[in-house]
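Below is one structure, written out as structure tokens; the observations come after it.
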2 protein chains.
Amino acid sequence: MTIDDLDTPALLVDLDVMERNLARMADYARSRNLRLRPHTKTHKSIALAKRQLALGAVGLTVAKPGEAEVLVEAGPPELLVAYPTVGERKLRRLMEVARRTRLVMSLDSLEVAEGLSRAASQASVRVGVLIETDVGLHRVGVAPAEVDALAAAVERLPGLEWDGIAFYPGHIKSLDRDGLDQIARLGETVGELAHRLKPRIVSGGSTPTWEHSHEIPGMNEIRPGTYIFNDRNSVAIGSCVREDCAASILVTVVSTAIPGQAIIDGGSKTFSSDRLVSGGEGHGEVVEWPGAMFSKMNEEHGFVKVIDKAKVGDRVRVVPNHICVAVNLEERIYGVRGRTVEEIWTVDARAKLQ
Amino acid sequence: MTIDDLDTPALLVDLDVMERNLARMADYARSRNLRLRPHTKTHKSIALAKRQLALGAVGLTVAKPGEAEVLVEAGPPELLVAYPTVGERKLRRLMEVARRTRLVMSLDSLEVAEGLSRAASQASVRVGVLIETDVGLHRVGVAPAEVDALAAAVERLPGLEWDGIAFYPGHIKSLDRDGLDQIARLGETVGELAHRLKPRIVSGGSTPTWEHSHEIPGMNEIRPGTYIFNDRNSVAIGSCVREDCAASILVTVVSTAIPGQAIIDGGSKTFSSDRLVSGGEGHGEVVEWPGAMFSKMNEEHGFVKVIDKAKVGDRVRVVPNHICVAVNLEERIYGVRGRTVEEIWTVDARAKLQ
């Protein structure tokens, strides 16, 4: 099967580029003696998670219980739910997962720790815990000074094992001088915590900062997600170059009735309406039309401007702004080499919101 | 089952409000002698399409072939694919749909009409055609002066029956004086076309303008979608009042570690990242917390500001900015009356992008 046999919109992944991305991160982690626990939110696919494990990942990361139930099928030695999980039903479901792999949960409150402890005790399983620490994003996480108390509380709770700390420096959105200064400050914060608490695991990372992980004192685990495919945001941030973008969405021109404009058969229900984090313009880069502007979207219509040469029926590829939310809208991912479709993966954990 | 038995995020629909919305539109169409062909993109559910048909809808509207294949199960007398459909495979699939209902396609180019004619002839079916006409949105549609020629071409093509014209005045985003002026100009354009071409069907409509449809000379069909649920955009636009918003998403507070902020367990993978069309702030209205600002989202995290009273485990409902893209992210819709869950609908045509 070739790309020509695919209907559109279709999410394509260039296998050469994806394999290079996977190998680069695996090599980096190995050479720097960092545990690699990839976040599967980007692909949500069991087959791709297995590839990450085969390349040396120590486990996998997910956000929601529904994702954990799906991704445990990849056979990870450890599965981290990097999200504060609230509610008895969800915790009961996770305890079933804990019978199949070593489950680790990140959390930032005594309430969540106590709920988890009750669920683990009732199910007679043991669950690892990472204390989520706020290092500047101000999303979740206790302040660094409060980690000690919560870790001590976790150690006292039955069914739980305190594994260490987790953080997510998502506030660092560039690698310019400001970004590097922020990474230096992050190193001071994390280094001080690691020195004081001597946690077994210091787990962090975000896409822009991944190549600086070995500069953070005490950090010994990374959880990158987007690196497998990359996207326009990754390029804008500086965490990869354009040639590292493996994913694009194949679309068809369906109307050229308005002069200077092509309407493509994908909009916000195909690409998501995520803008560039850098504030840049456009909803994606049209590979075949350099200089064209994907300027506007409705649910099923993409507006591409300054394209007088486009004809109804033309098929073009669009590199999306944010691949993680786009994958979540698709049923399948097509792995291509050149024009040949070599693999088809299902987005197994799509829409597992709970 | 009650709301308390649901895990979060969960998409709730207030049945009293939804039934009032459905009845209001059906009554309006009936009293003004307008055909009602609801766009199912908002709910993508066979069960809800059946309700619309039971209330007098003459047919249903969809965008993509995959939606047509699903929604034909609701048994519509007519099914309109309101989207220029390109590609032999898609057209072959639609011809199967045409064996089960009267299929009508809107299109704006001879290329698409010829492809459709070939597919219809090969399948020995007849397909209705509406000529998509640009009345100001500049998305798809031929200019009004070009409708005659394309309609004549369609009449000459085998397998096709020219039904009339379709337009979508999505450029009218308010009902203030400017909006009413635009509706008056729309009436002139459409009235002139209807007078000149005498089409059997003049199909138009968009959410903000629906109550003015009877003022457009010659218009005899409306295709509203959002009205079944409504959302913050509908209110901002003025096409309904806040009490007409039937849908909300039930979420749980999972972290209050940052003072003055609650993190809820839904982000851009639950609500979509669609902003308000009015340019207003926020990603949704938190029903239980008047004055709180749902200011920021990541994929699975919603940031709600100025909420000191929030506790981990609190459950609140959020009225989304744009319900159509939010429904497309969910697996199920829960129909509730008070706190009782009376009905559960699957989002049958979710992610049918092709």
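Labels used: A, B, ... for chains in the order of the structure tokens, numbers from 1 for residues in each chain, and numbers from 1 for ligands as shown.
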
Quick one: which chain B residues come within 8 Å of chain A, and what is the nearest atom pair for each with the distance in Å to one decimal, counting only C-alpha atoms, rows ordered by chain and ascending number, as a Markdown table?
```
| residue | atom | partner | partner_atom | distance |
| --- | --- | --- | --- | --- |
| B:Asp7 | CA | A:Gln354 | CA | 6.6 |
| B:Thr8 | CA | A:Gln354 | CA | 5.9 |
| B:Pro9 | CA | A:Gln354 | CA | 6.2 |
| B:Ala63 | CA | A:Glu300 | CA | 7.5 |
| B:Pro84 | CA | A:Val254 | CA | 5.8 |
| B:Thr85 | CA | A:Val254 | CA | 6.7 |
| B:Val86 | CA | A:Val254 | CA | 6.1 |
| B:Gly87 | CA | A:Gly313 | CA | 7.2 |
| B:Arg89 | CA | A:Asp7 | CA | 7.4 |
| B:Lys90 | CA | A:Asp7 | CA | 7.6 |
| B:Asp108 | CA | A:Ala257 | CA | 6.8 |
| B:Ser109 | CA | A:Ala257 | CA | 7.3 |
| B:Glu111 | CA | A:Val312 | CA | 7.2 |
| B:Val112 | CA | A:Val312 | CA | 8.0 |
| B:His138 | CA | A:Ile258 | CA | 6.2 |
| B:Arg139 | CA | A:Ile258 | CA | 7.0 |
| B:Val140 | CA | A:Ala257 | CA | 6.1 |
| B:Gly141 | CA | A:Ala257 | CA | 6.0 |
| B:Val142 | CA | A:Ala257 | CA | 5.6 |
| B:Thr252 | CA | A:Val86 | CA | 7.6 |
| B:Val254 | CA | A:Pro84 | CA | 5.8 |
| B:Ser255 | CA | A:Val140 | CA | 6.2 |
| B:Thr256 | CA | A:Val140 | CA | 7.5 |
| B:Ala257 | CA | A:Val142 | CA | 5.6 |
| B:Ile258 | CA | A:His138 | CA | 6.2 |
| B:Ile263 | CA | A:Arg139 | CA | 7.2 |
| B:Gly266 | CA | A:Leu353 | CA | 7.9 |
| B:Ser268 | CA | A:Val325 | CA | 7.5 |
| B:Lys269 | CA | A:Val325 | CA | 6.4 |
| B:Thr270 | CA | A:Leu353 | CA | 7.0 |
| B:Ser272 | CA | A:Ser272 | CA | 6.9 |
| B:Ser273 | CA | A:Ser273 | CA | 5.5 |
| B:Asp274 | CA | A:Ser273 | CA | 5.8 |
| B:Glu299 | CA | A:Val325 | CA | 7.3 |
| B:Glu300 | CA | A:Ala63 | CA | 7.5 |
| B:Phe303 | CA | A:Arg139 | CA | 7.3 |
| B:Val312 | CA | A:Glu111 | CA | 7.2 |
| B:Gly313 | CA | A:Val86 | CA | 6.3 |
| B:Val325 | CA | A:Lys269 | CA | 6.4 |
| B:Asn328 | CA | A:Lys269 | CA | 7.5 |
| B:Leu329 | CA | A:Ala351 | CA | 6.0 |
| B:Glu330 | CA | A:Ala351 | CA | 6.2 |
| B:Glu331 | CA | A:Ala351 | CA | 6.9 |
| B:Ala351 | CA | A:Leu329 | CA | 6.0 |
| B:Leu353 | CA | A:Pro9 | CA | 6.4 |
| B:Gln354 | CA | A:Thr8 | CA | 5.8 |
```

Stretch 68-72 of chain A: which residues within 9 Å, counting only C-alpha atoms, same-chain residues fewer than 5 positions away excluded, as a list in words?
->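 Listed by chain and then number, they are Thr40, Lys44, Ser45, Ile46, Ala49, Leu60, Thr61, Val62, Ala63, Glu78, Leu79, Leu80, Val81, Arg93, Leu94, Glu96, Val97, Arg100, Thr101, Asp348, Ala349 and Lys352 of chain A.
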
Identify, on the basis of only C-alpha atoms, every residue whose closest approach to A:Gly164 does not exceed 7 Å; exclude the query and any residue fewer than 5 positions from it along the same chain; express the result as a PyMOL selection string.
-> chain A and resi 129-131+199-202

Now that the selection is made, can you save its residues with C-alpha atoms as a CSV table (one decimal), in the first residue's frame?
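Wrote again38.csv, looks like this:
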```csv
chain,number,residue,atom,x,y,z
A,129,VAL,CA,4.9,7.2,44.8
A,130,LEU,CA,6.7,10.2,43.4
A,131,ILE,CA,6.1,13.6,45.2
A,199,PRO,CA,15.4,10.2,46.8
A,200,ARG,CA,15.9,7.0,44.7
A,201,ILE,CA,14.3,8.7,41.7
A,202,VAL,CA,14.4,12.3,40.6
```

Mind checking which residues fall within 7 Å of stretch 278-293 of chain A, counting only C-alpha atoms, ignoring those fewer than 4 positions away in the same chain, and posting them as a PyMOL selection string?
-> chain A and resi 236+304-307+316-321

Got a sec to tell me which of stretch 110-348 of chain B DSSP assigns to alpha helix (DSSP H), as a VMD selection string?
-> chain B and resid 110 to 123 147 to 156 177 to 197 232 to 237 268 to 271 323 to 327

Would you mind writing down, as a PDB file with N, CA and C atoms, in the first residue's frame, each residue of stretch 32-213 of chain B that DSSP on the backbone assigns to strand (DSSP E)?
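Saved result, selection_33.pdb, follows:
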```pdb
ATOM      1  N   ARG B  35     -38.173  23.852   5.944  1.00  0.00           N
ATOM      2  CA  ARG B  35     -37.669  22.509   6.147  1.00  0.00           C
ATOM      3  C   ARG B  35     -36.532  22.577   7.169  1.00  0.00           C
ATOM      4  N   LEU B  36     -36.509  21.629   8.082  1.00  0.00           N
ATOM      5  CA  LEU B  36     -35.447  21.582   9.101  1.00  0.00           C
ATOM      6  C   LEU B  36     -34.591  20.344   8.833  1.00  0.00           C
ATOM      7  N   LEU B  60     -31.302  14.811   7.659  1.00  0.00           N
ATOM      8  CA  LEU B  60     -30.156  15.142   8.503  1.00  0.00           C
ATOM      9  C   LEU B  60     -29.044  15.706   7.638  1.00  0.00           C
ATOM     10  N   THR B  61     -28.107  16.387   8.284  1.00  0.00           N
ATOM     11  CA  THR B  61     -26.939  16.930   7.607  1.00  0.00           C
ATOM     12  C   THR B  61     -25.682  16.366   8.263  1.00  0.00           C
ATOM     13  N   VAL B  62     -24.687  16.040   7.446  1.00  0.00           N
ATOM     14  CA  VAL B  62     -23.377  15.622   7.944  1.00  0.00           C
ATOM     15  C   VAL B  62     -22.306  16.315   7.106  1.00  0.00           C
ATOM     16  N   GLU B  78     -33.889  11.910   4.016  1.00  0.00           N
ATOM     17  CA  GLU B  78     -32.856  12.499   3.163  1.00  0.00           C
ATOM     18  C   GLU B  78     -31.616  12.709   4.022  1.00  0.00           C
ATOM     19  N   LEU B  79     -30.447  12.603   3.395  1.00  0.00           N
ATOM     20  CA  LEU B  79     -29.204  12.854   4.123  1.00  0.00           C
ATOM     21  C   LEU B  79     -28.344  13.777   3.270  1.00  0.00           C
ATOM     22  N   LEU B  80     -28.058  14.951   3.806  1.00  0.00           N
ATOM     23  CA  LEU B  80     -27.244  15.936   3.084  1.00  0.00           C
ATOM     24  C   LEU B  80     -25.801  15.863   3.569  1.00  0.00           C
ATOM     25  N   VAL B  81     -24.881  15.674   2.634  1.00  0.00           N
ATOM     26  CA  VAL B  81     -23.457  15.806   2.955  1.00  0.00           C
ATOM     27  C   VAL B  81     -23.069  17.227   2.559  1.00  0.00           C
ATOM     28  N   ARG B 102     -32.284   9.033   0.488  1.00  0.00           N
ATOM     29  CA  ARG B 102     -32.005   9.960  -0.614  1.00  0.00           C
ATOM     30  C   ARG B 102     -30.788  10.801  -0.213  1.00  0.00           C
ATOM     31  N   LEU B 103     -29.698  10.590  -0.936  1.00  0.00           N
ATOM     32  CA  LEU B 103     -28.461  11.302  -0.653  1.00  0.00           C
ATOM     33  C   LEU B 103     -28.445  12.623  -1.422  1.00  0.00           C
ATOM     34  N   VAL B 104     -28.078  13.677  -0.707  1.00  0.00           N
ATOM     35  CA  VAL B 104     -27.943  14.994  -1.333  1.00  0.00           C
ATOM     36  C   VAL B 104     -26.545  15.504  -1.000  1.00  0.00           C
ATOM     37  N   MET B 105     -25.868  16.064  -1.982  1.00  0.00           N
ATOM     38  CA  MET B 105     -24.501  16.539  -1.769  1.00  0.00           C
ATOM     39  C   MET B 105     -24.448  18.018  -2.134  1.00  0.00           C
ATOM     40  N   SER B 106     -23.768  18.802  -1.300  1.00  0.00           N
ATOM     41  CA  SER B 106     -23.508  20.178  -1.723  1.00  0.00           C
ATOM     42  C   SER B 106     -22.099  20.223  -2.317  1.00  0.00           C
ATOM     43  N   LEU B 107     -21.924  21.059  -3.324  1.00  0.00           N
ATOM     44  CA  LEU B 107     -20.632  21.143  -4.007  1.00  0.00           C
ATOM     45  C   LEU B 107     -20.499  22.499  -4.675  1.00  0.00           C
ATOM     46  N   VAL B 127     -28.453  11.010  -7.192  1.00  0.00           N
ATOM     47  CA  VAL B 127     -28.024  11.811  -6.046  1.00  0.00           C
ATOM     48  C   VAL B 127     -28.461  13.258  -6.260  1.00  0.00           C
ATOM     49  N   GLY B 128     -29.049  13.856  -5.232  1.00  0.00           N
ATOM     50  CA  GLY B 128     -29.430  15.265  -5.296  1.00  0.00           C
ATOM     51  C   GLY B 128     -28.217  16.158  -5.114  1.00  0.00           C
ATOM     52  N   VAL B 129     -28.256  17.340  -5.691  1.00  0.00           N
ATOM     53  CA  VAL B 129     -27.134  18.265  -5.575  1.00  0.00           C
ATOM     54  C   VAL B 129     -27.631  19.662  -5.195  1.00  0.00           C
ATOM     55  N   LEU B 130     -26.968  20.239  -4.204  1.00  0.00           N
ATOM     56  CA  LEU B 130     -27.166  21.656  -3.884  1.00  0.00           C
ATOM     57  C   LEU B 130     -25.902  22.404  -4.296  1.00  0.00           C
ATOM     58  N   ILE B 131     -26.060  23.505  -5.000  1.00  0.00           N
ATOM     59  CA  ILE B 131     -24.890  24.302  -5.373  1.00  0.00           C
ATOM     60  C   ILE B 131     -24.532  25.206  -4.190  1.00  0.00           C
ATOM     61  N   GLU B 132     -23.344  24.989  -3.661  1.00  0.00           N
ATOM     62  CA  GLU B 132     -22.872  25.791  -2.530  1.00  0.00           C
ATOM     63  C   GLU B 132     -22.542  27.195  -3.033  1.00  0.00           C
ATOM     64  N   THR B 133     -23.083  28.186  -2.368  1.00  0.00           N
ATOM     65  CA  THR B 133     -22.974  29.571  -2.815  1.00  0.00           C
ATOM     66  C   THR B 133     -22.322  30.410  -1.723  1.00  0.00           C
ATOM     67  N   LEU B 160     -27.272  12.753 -11.500  1.00  0.00           N
ATOM     68  CA  LEU B 160     -27.456  13.872 -10.572  1.00  0.00           C
ATOM     69  C   LEU B 160     -28.804  14.568 -10.794  1.00  0.00           C
ATOM     70  N   GLU B 161     -29.359  15.064  -9.699  1.00  0.00           N
ATOM     71  CA  GLU B 161     -30.586  15.863  -9.770  1.00  0.00           C
ATOM     72  C   GLU B 161     -30.303  17.186  -9.075  1.00  0.00           C
ATOM     73  N   TRP B 162     -30.492  18.286  -9.781  1.00  0.00           N
ATOM     74  CA  TRP B 162     -30.224  19.584  -9.164  1.00  0.00           C
ATOM     75  C   TRP B 162     -31.379  19.962  -8.233  1.00  0.00           C
ATOM     76  N   ASP B 163     -31.086  19.994  -6.936  1.00  0.00           N
ATOM     77  CA  ASP B 163     -32.121  20.280  -5.935  1.00  0.00           C
ATOM     78  C   ASP B 163     -32.251  21.761  -5.624  1.00  0.00           C
ATOM     79  N   GLY B 164     -31.134  22.494  -5.714  1.00  0.00           N
ATOM     80  CA  GLY B 164     -31.225  23.900  -5.346  1.00  0.00           C
ATOM     81  C   GLY B 164     -29.891  24.447  -4.888  1.00  0.00           C
ATOM     82  N   ILE B 165     -29.934  25.399  -3.972  1.00  0.00           N
ATOM     83  CA  ILE B 165     -28.699  26.032  -3.515  1.00  0.00           C
ATOM     84  C   ILE B 165     -28.559  25.910  -1.998  1.00  0.00           C
ATOM     85  N   ALA B 166     -27.316  25.986  -1.564  1.00  0.00           N
ATOM     86  CA  ALA B 166     -27.009  25.953  -0.133  1.00  0.00           C
ATOM     87  C   ALA B 166     -26.035  27.079   0.164  1.00  0.00           C
ATOM     88  N   PHE B 167     -26.193  27.693   1.306  1.00  0.00           N
ATOM     89  CA  PHE B 167     -25.244  28.724   1.716  1.00  0.00           C
ATOM     90  C   PHE B 167     -25.095  28.673   3.230  1.00  0.00           C
ATOM     91  N   ILE B 201     -34.998  23.918  -3.541  1.00  0.00           N
ATOM     92  CA  ILE B 201     -34.533  24.071  -2.159  1.00  0.00           C
ATOM     93  C   ILE B 201     -33.551  25.234  -2.064  1.00  0.00           C
ATOM     94  N   VAL B 202     -33.783  26.094  -1.089  1.00  0.00           N
ATOM     95  CA  VAL B 202     -32.835  27.163  -0.748  1.00  0.00           C
ATOM     96  C   VAL B 202     -32.489  26.938   0.720  1.00  0.00           C
ATOM     97  N   SER B 203     -31.307  26.372   0.928  1.00  0.00           N
ATOM     98  CA  SER B 203     -30.944  25.850   2.243  1.00  0.00           C
ATOM     99  C   SER B 203     -29.845  26.703   2.852  1.00  0.00           C
ATOM    100  N   GLY B 204     -30.096  27.219   4.017  1.00  0.00           N
ATOM    101  CA  GLY B 204     -29.073  28.064   4.616  1.00  0.00           C
ATOM    102  C   GLY B 204     -29.105  27.984   6.122  1.00  0.00           C
TER     103      GLY B 204
END
```

Considering only C-alpha atoms, return as a list in words whatever protein or nucleic-acid residues lie within 8 Å of A:Asn33, sequence-local ones (same chain, fewer than 3 positions apart) excluded.
-> Ala29, Arg30 and Asn220 of chain A

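Here atom CA of B:Leu137 is placed at a distance of 7.5 Å from atom CA of B:Tyr168.
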
Record the distance separating atom CA of B:Val235 and atom CA of B:Ser174, expressed in Å with one decimal.
-> 10.2 Å

Extract, using only C-alpha atoms, all DNA, RNA and protein residues at most 9 Å from B:Arg118, discarding same-chain residues fewer than 6 positions from it, and format them as a list in words.
-> Leu157, Pro158 and Gly159 of chain B

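The protein and nucleic acid residues lying at most 8 Å from B:Gly218 are Val190, Gly191, Ala194, His195 and Val202 of chain B, with only C-alpha atoms considered and sequence neighbours fewer than 3 positions away removed.
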
If you keep C-alpha atoms, can you produce a file of those selected residues as an mmCIF file, in the first residue's frame?
```
data_model
loop_
_atom_site.group_PDB
_atom_site.id
_atom_site.type_symbol
_atom_site.label_atom_id
_atom_site.label_comp_id
_atom_site.auth_asym_id
_atom_site.auth_seq_id
_atom_site.Cartn_x
_atom_site.Cartn_y
_atom_site.Cartn_z
ATOM 1 C CA VAL B 190 -30.455 35.095 -1.704
ATOM 2 C CA GLY B 191 -33.794 36.624 -2.767
ATOM 3 C CA ALA B 194 -34.125 32.444 -5.638
ATOM 4 C CA HIS B 195 -36.158 34.701 -7.934
ATOM 5 C CA VAL B 202 -32.835 27.163 -0.748
#
```

Please measure the separation of atom CA of B:Pro169 and atom CA of B:Gly205, giving the value in Å to one decimal.
->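 That distance, rounded to one decimal, is 6.5 Å.
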